[in-house]
Amino acid sequence: MDWKLLDAIKETEHPYLNYYTLIYEVKTKDNTFKTYSYYIASRHDKNHLLSKSNEAKPDGVLILTYLEKNGTKYAVLTKQFRPALNRYVYSIPAGLVDDNEDVITAAKREVSEEVGGKVENIELLFNASPTSSGLSDELNAVCIAKVSELEKEHLEEFEDIQHLVLPFNEVESFLKDKFVALQARSLLLYLVRAHKF
């Protein structure tokens, strides 16, 4: 099939996230043309949606954060109240990439804000990747950061975030028993099982 995006109709008017109806013209397998509507949530404006190119800038970044003490590596996790779920969720530091930032700068800022971490080393693991492609056009990057110390968080008024430091040898059992965000669960489990930590 051949898909051509004709329009993006903004259905809501909110400051950070909006609902859009995407209108496609689809050339089907039998060479007929049909109109198809699809509904998404997006942080972007109509012009951005209509001008999608193969060059993708991440909207956000997730940061696998760890520290090392006396030869033992510890995962630095977050516990954050998520209003959309009406509950606390365990995860890893994460946040939006501001317009004037690159991914590494945003990652360092988020680690400092959410867990008070002073970044010693940081590496980009994955560039812009879809997070929930059936629901949103959001793209996130993933970094891994070693912090030398944890200080006071620098949170916004309604950010309810605490941090938790956990030895990597306890991560797998922790993930079995807790409500953990999927991306964080997958990345942490990969690190543990691949014996990276």
# chains A, B, ... in the order shown; residues from 1 in each chain; ligands from 1
>>> residues_around(residues="A:Asp45", least_positions_apart="6", cutoff="12 Å", atoms="only C-alpha atoms", output="PyMOL selection string")
chain A and resi 7-20+51-52+137
>>> residues_around(residues="A:Phe179", least_positions_apart="3", cutoff="10 Å", atoms="only C-alpha atoms", output="ChimeraX atom specification")
/A:79,87-91,174-176,182,185
>>> write_last_selection(atoms="N, CA and C atoms", output="CSV table (one decimal), in the first residue's frame")
chain,number,residue,atom,x,y,z
A,79,LYS,N,10.9,7.2,41.5
A,79,LYS,CA,9.6,6.8,41.9
A,79,LYS,C,8.8,8.1,41.7
A,87,ARG,N,-1.2,6.9,40.1
A,87,ARG,CA,-0.4,6.1,41.0
A,87,ARG,C,1.1,6.4,40.8
A,88,TYR,N,1.9,5.9,41.7
A,88,TYR,CA,3.4,6.1,41.6
A,88,TYR,C,3.9,5.0,40.6
A,89,VAL,N,4.9,5.4,39.9
A,89,VAL,CA,5.5,4.5,38.9
A,89,VAL,C,7.0,4.5,39.1
A,90,TYR,N,7.7,3.4,39.1
A,90,TYR,CA,9.1,3.3,39.2
A,90,TYR,C,9.6,3.5,37.7
A,91,SER,N,10.7,4.2,37.6
A,91,SER,CA,11.3,4.3,36.2
A,91,SER,C,12.8,4.7,36.4
A,174,PHE,N,13.6,-6.9,42.0
A,174,PHE,CA,12.8,-5.6,42.2
A,174,PHE,C,11.8,-5.4,41.1
A,175,LEU,N,12.3,-5.7,39.8
A,175,LEU,CA,11.4,-5.5,38.7
A,175,LEU,C,10.2,-6.5,38.7
A,176,LYS,N,10.3,-7.6,39.3
A,176,LYS,CA,9.2,-8.6,39.4
A,176,LYS,C,8.1,-8.1,40.3
A,182,LEU,N,7.5,0.4,31.3
A,182,LEU,CA,8.0,-0.6,30.4
A,182,LEU,C,9.4,-0.4,29.8
A,185,ARG,N,11.9,-0.9,32.6
A,185,ARG,CA,12.0,-2.3,32.9
A,185,ARG,C,12.8,-3.1,31.9
>>> closest_atom_pairs(of="stretch 37-84 of chain A", to="stretch 167-173 of chain A", cutoff="9 Å", atoms="only C-alpha atoms", output="tab-separated table")
residue	atom	partner	partner_atom	distance
A:Thr72	CA	A:Pro167	CA	7.2
A:Lys73	CA	A:Pro167	CA	6.1
A:Tyr74	CA	A:Pro167	CA	4.2
A:Ala75	CA	A:Phe168	CA	5.9
A:Val76	CA	A:Pro167	CA	8.9
>>> write_last_selection(atoms="N, CA and C atoms", output="PDB file, in the first residue's frame")
ATOM      1  N   THR A  72      31.011  -1.762  43.684  1.00  0.00           N
ATOM      2  CA  THR A  72      29.644  -2.225  43.429  1.00  0.00           C
ATOM      3  C   THR A  72      28.906  -1.162  42.624  1.00  0.00           C
ATOM      4  N   LYS A  73      28.186  -1.618  41.586  1.00  0.00           N
ATOM      5  CA  LYS A  73      27.405  -0.698  40.761  1.00  0.00           C
ATOM      6  C   LYS A  73      25.951  -0.703  41.224  1.00  0.00           C
ATOM      7  N   TYR A  74      25.377   0.486  41.278  1.00  0.00           N
ATOM      8  CA  TYR A  74      24.004   0.683  41.737  1.00  0.00           C
ATOM      9  C   TYR A  74      23.188   1.380  40.654  1.00  0.00           C
ATOM     10  N   ALA A  75      21.996   0.887  40.414  1.00  0.00           N
ATOM     11  CA  ALA A  75      21.053   1.560  39.526  1.00  0.00           C
ATOM     12  C   ALA A  75      20.402   2.700  40.299  1.00  0.00           C
ATOM     13  N   VAL A  76      20.222   3.824  39.628  1.00  0.00           N
ATOM     14  CA  VAL A  76      19.516   4.957  40.226  1.00  0.00           C
ATOM     15  C   VAL A  76      18.154   5.026  39.544  1.00  0.00           C
TER      16      VAL A  76
END
>>> residues_around(residues="A:Glu123", least_positions_apart="3", cutoff="10 Å", atoms="only C-alpha atoms", output="ChimeraX atom specification")
/A:63-64,104,107,126,142-146
>>> write_last_selection(atoms="N, CA and C atoms", output="short mmCIF file (atom, residue, chain, number, x, y, z; two decimals), in the first residue's frame")
data_model
loop_
_atom_site.label_atom_id
_atom_site.label_comp_id
_atom_site.auth_asym_id
_atom_site.auth_seq_id
_atom_site.Cartn_x
_atom_site.Cartn_y
_atom_site.Cartn_z
N ILE A 63 17.31 8.09 30.69
CA ILE A 63 18.71 7.97 31.08
C ILE A 63 18.88 6.83 32.07
N LEU A 64 19.54 5.76 31.63
CA LEU A 64 19.95 4.68 32.53
C LEU A 64 21.06 5.26 33.39
N ILE A 104 22.38 14.94 24.76
CA ILE A 104 23.30 14.79 25.90
C ILE A 104 23.08 15.90 26.92
N ALA A 107 19.89 15.17 28.76
CA ALA A 107 20.06 14.03 29.67
C ALA A 107 20.76 14.48 30.95
N PHE A 126 20.81 4.90 22.16
CA PHE A 126 19.88 4.83 21.04
C PHE A 126 19.40 6.24 20.73
N VAL A 142 17.86 7.21 24.23
CA VAL A 142 18.27 6.58 25.48
C VAL A 142 19.77 6.81 25.68
N CYS A 143 20.12 7.26 26.88
CA CYS A 143 21.53 7.44 27.25
C CYS A 143 21.83 6.59 28.48
N ILE A 144 23.09 6.34 28.71
CA ILE A 144 23.53 5.73 29.96
C ILE A 144 24.50 6.70 30.60
N ALA A 145 24.30 6.96 31.89
CA ALA A 145 25.11 7.96 32.58
C ALA A 145 25.62 7.42 33.90
N LYS A 146 26.90 7.63 34.14
CA LYS A 146 27.49 7.31 35.43
C LYS A 146 27.54 8.61 36.23
#
>>> residues_around(residues="A:Asn140", least_positions_apart="3", cutoff="12 Å", atoms="only C-alpha atoms", output="MDAnalysis selection string")
chainID A and resid 56:63 94:97 103 106:107 124:133 136:137 143 183
>>> select_by_dssp(residues="chain A", states="alpha helix (DSSP H)", output="compact mmCIF listing (two decimals) with N, CA and C atoms, in the first residue's frame")
# COMPACT_ATOMS: atom_id res chain seq x y z
N LYS A 46 0.68 21.37 13.75
CA LYS A 46 0.22 20.82 12.47
C LYS A 46 1.33 20.85 11.42
N ASN A 47 2.05 21.96 11.32
CA ASN A 47 3.11 22.07 10.31
C ASN A 47 4.17 20.99 10.49
N HIS A 48 4.53 20.73 11.73
CA HIS A 48 5.53 19.68 11.99
C HIS A 48 5.00 18.32 11.55
N LEU A 49 3.74 18.04 11.88
CA LEU A 49 3.16 16.74 11.52
C LEU A 49 3.11 16.56 10.00
N LEU A 50 2.76 17.63 9.28
CA LEU A 50 2.64 17.53 7.83
C LEU A 50 3.99 17.52 7.11
N VAL A 103 20.63 16.04 22.79
CA VAL A 103 20.20 14.95 23.68
C VAL A 103 21.08 14.84 24.92
N ILE A 104 22.38 14.94 24.76
CA ILE A 104 23.30 14.79 25.90
C ILE A 104 23.08 15.90 26.92
N THR A 105 22.92 17.12 26.46
CA THR A 105 22.66 18.25 27.37
C THR A 105 21.36 18.04 28.13
N ALA A 106 20.32 17.61 27.43
CA ALA A 106 19.03 17.34 28.08
C ALA A 106 19.16 16.22 29.10
N ALA A 107 19.89 15.17 28.76
CA ALA A 107 20.06 14.03 29.67
C ALA A 107 20.76 14.48 30.95
N LYS A 108 21.81 15.25 30.82
CA LYS A 108 22.53 15.74 32.01
C LYS A 108 21.61 16.61 32.87
N ARG A 109 20.83 17.47 32.22
CA ARG A 109 19.91 18.35 32.96
C ARG A 109 18.88 17.53 33.72
N GLU A 110 18.30 16.53 33.05
CA GLU A 110 17.26 15.72 33.69
C GLU A 110 17.82 14.91 34.87
N VAL A 111 19.01 14.36 34.72
CA VAL A 111 19.63 13.61 35.83
C VAL A 111 19.84 14.53 37.03
N SER A 112 20.29 15.75 36.78
CA SER A 112 20.48 16.72 37.85
C SER A 112 19.15 17.09 38.49
N GLU A 113 18.14 17.36 37.66
CA GLU A 113 16.84 17.78 38.19
C GLU A 113 16.15 16.68 38.98
N GLU A 114 16.11 15.47 38.43
CA GLU A 114 15.28 14.41 39.02
C GLU A 114 15.93 13.64 40.15
N VAL A 115 17.25 13.47 40.12
CA VAL A 115 17.90 12.69 41.18
C VAL A 115 19.09 13.42 41.80
N VAL A 171 18.27 -5.83 41.09
CA VAL A 171 17.37 -5.20 40.12
C VAL A 171 16.33 -6.17 39.58
N GLU A 172 16.74 -7.38 39.19
CA GLU A 172 15.81 -8.31 38.57
C GLU A 172 14.66 -8.68 39.51
N SER A 173 14.95 -8.95 40.77
CA SER A 173 13.87 -9.28 41.71
C SER A 173 13.00 -8.06 41.98
N PHE A 174 13.59 -6.87 42.02
CA PHE A 174 12.83 -5.63 42.20
C PHE A 174 11.82 -5.45 41.07
N LEU A 175 12.26 -5.71 39.84
CA LEU A 175 11.39 -5.53 38.67
C LEU A 175 10.20 -6.47 38.67
N LYS A 176 10.33 -7.63 39.30
CA LYS A 176 9.22 -8.60 39.36
C LYS A 176 8.09 -8.12 40.26
N ASP A 177 8.44 -7.36 41.29
CA ASP A 177 7.46 -7.02 42.32
C ASP A 177 6.91 -5.60 42.26
N LEU A 182 7.54 0.39 31.30
CA LEU A 182 8.01 -0.64 30.38
C LEU A 182 9.41 -0.37 29.84
N GLN A 183 9.66 0.85 29.36
CA GLN A 183 10.99 1.13 28.80
C GLN A 183 12.07 0.95 29.85
N ALA A 184 11.84 1.44 31.06
CA ALA A 184 12.82 1.30 32.13
C ALA A 184 13.02 -0.17 32.49
N ARG A 185 11.93 -0.91 32.60
CA ARG A 185 12.01 -2.34 32.92
C ARG A 185 12.84 -3.07 31.87
N SER A 186 12.56 -2.81 30.60
CA SER A 186 13.26 -3.50 29.52
C SER A 186 14.74 -3.17 29.50
N LEU A 187 15.07 -1.89 29.63
CA LEU A 187 16.47 -1.47 29.59
C LEU A 187 17.26 -2.01 30.78
N LEU A 188 16.69 -1.93 31.96
CA LEU A 188 17.37 -2.44 33.15
C LEU A 188 17.56 -3.95 33.08
N LEU A 189 16.53 -4.66 32.65
CA LEU A 189 16.63 -6.11 32.54
C LEU A 189 17.68 -6.51 31.50
N TYR A 190 17.73 -5.79 30.40
CA TYR A 190 18.75 -6.07 29.38
C TYR A 190 20.15 -5.91 29.98
N LEU A 191 20.39 -4.82 30.69
CA LEU A 191 21.71 -4.60 31.28
C LEU A 191 22.09 -5.72 32.24
N VAL A 192 21.15 -6.13 33.06
CA VAL A 192 21.43 -7.18 34.05
C VAL A 192 21.68 -8.52 33.35
N ARG A 193 20.81 -8.89 32.44
CA ARG A 193 20.93 -10.21 31.79
C ARG A 193 22.09 -10.28 30.80
>>> select_by_dssp(residues="stretch 61-159 of chain A", states="strand (DSSP E or B)", output="ChimeraX atom specification")
/A:61-69,72-82,87-91,94-96,117-130,136,139-150
>>> residues_around(residues="stretch 21-34 of chain A", least_positions_apart="4", cutoff="6 Å", atoms="only C-alpha atoms", output="JSON, numbers by chain")
{"A": [1, 2, 3, 4, 5, 6, 7, 8, 9, 38, 39]}
>>> atom_distance(atom1="atom CA of A:Glu159", atom2="atom CA of A:Arg82")
9.1 Å
>>> closest_residue(among="A:Val119, A:Ala181, A:Leu139, A:Leu166", to="A:Arg43", atoms="only C-alpha atoms")
A:Leu139
>>> atom_distance(atom1="atom CA of A:Gly117", atom2="atom CA of A:Ser148")
7.3 Å
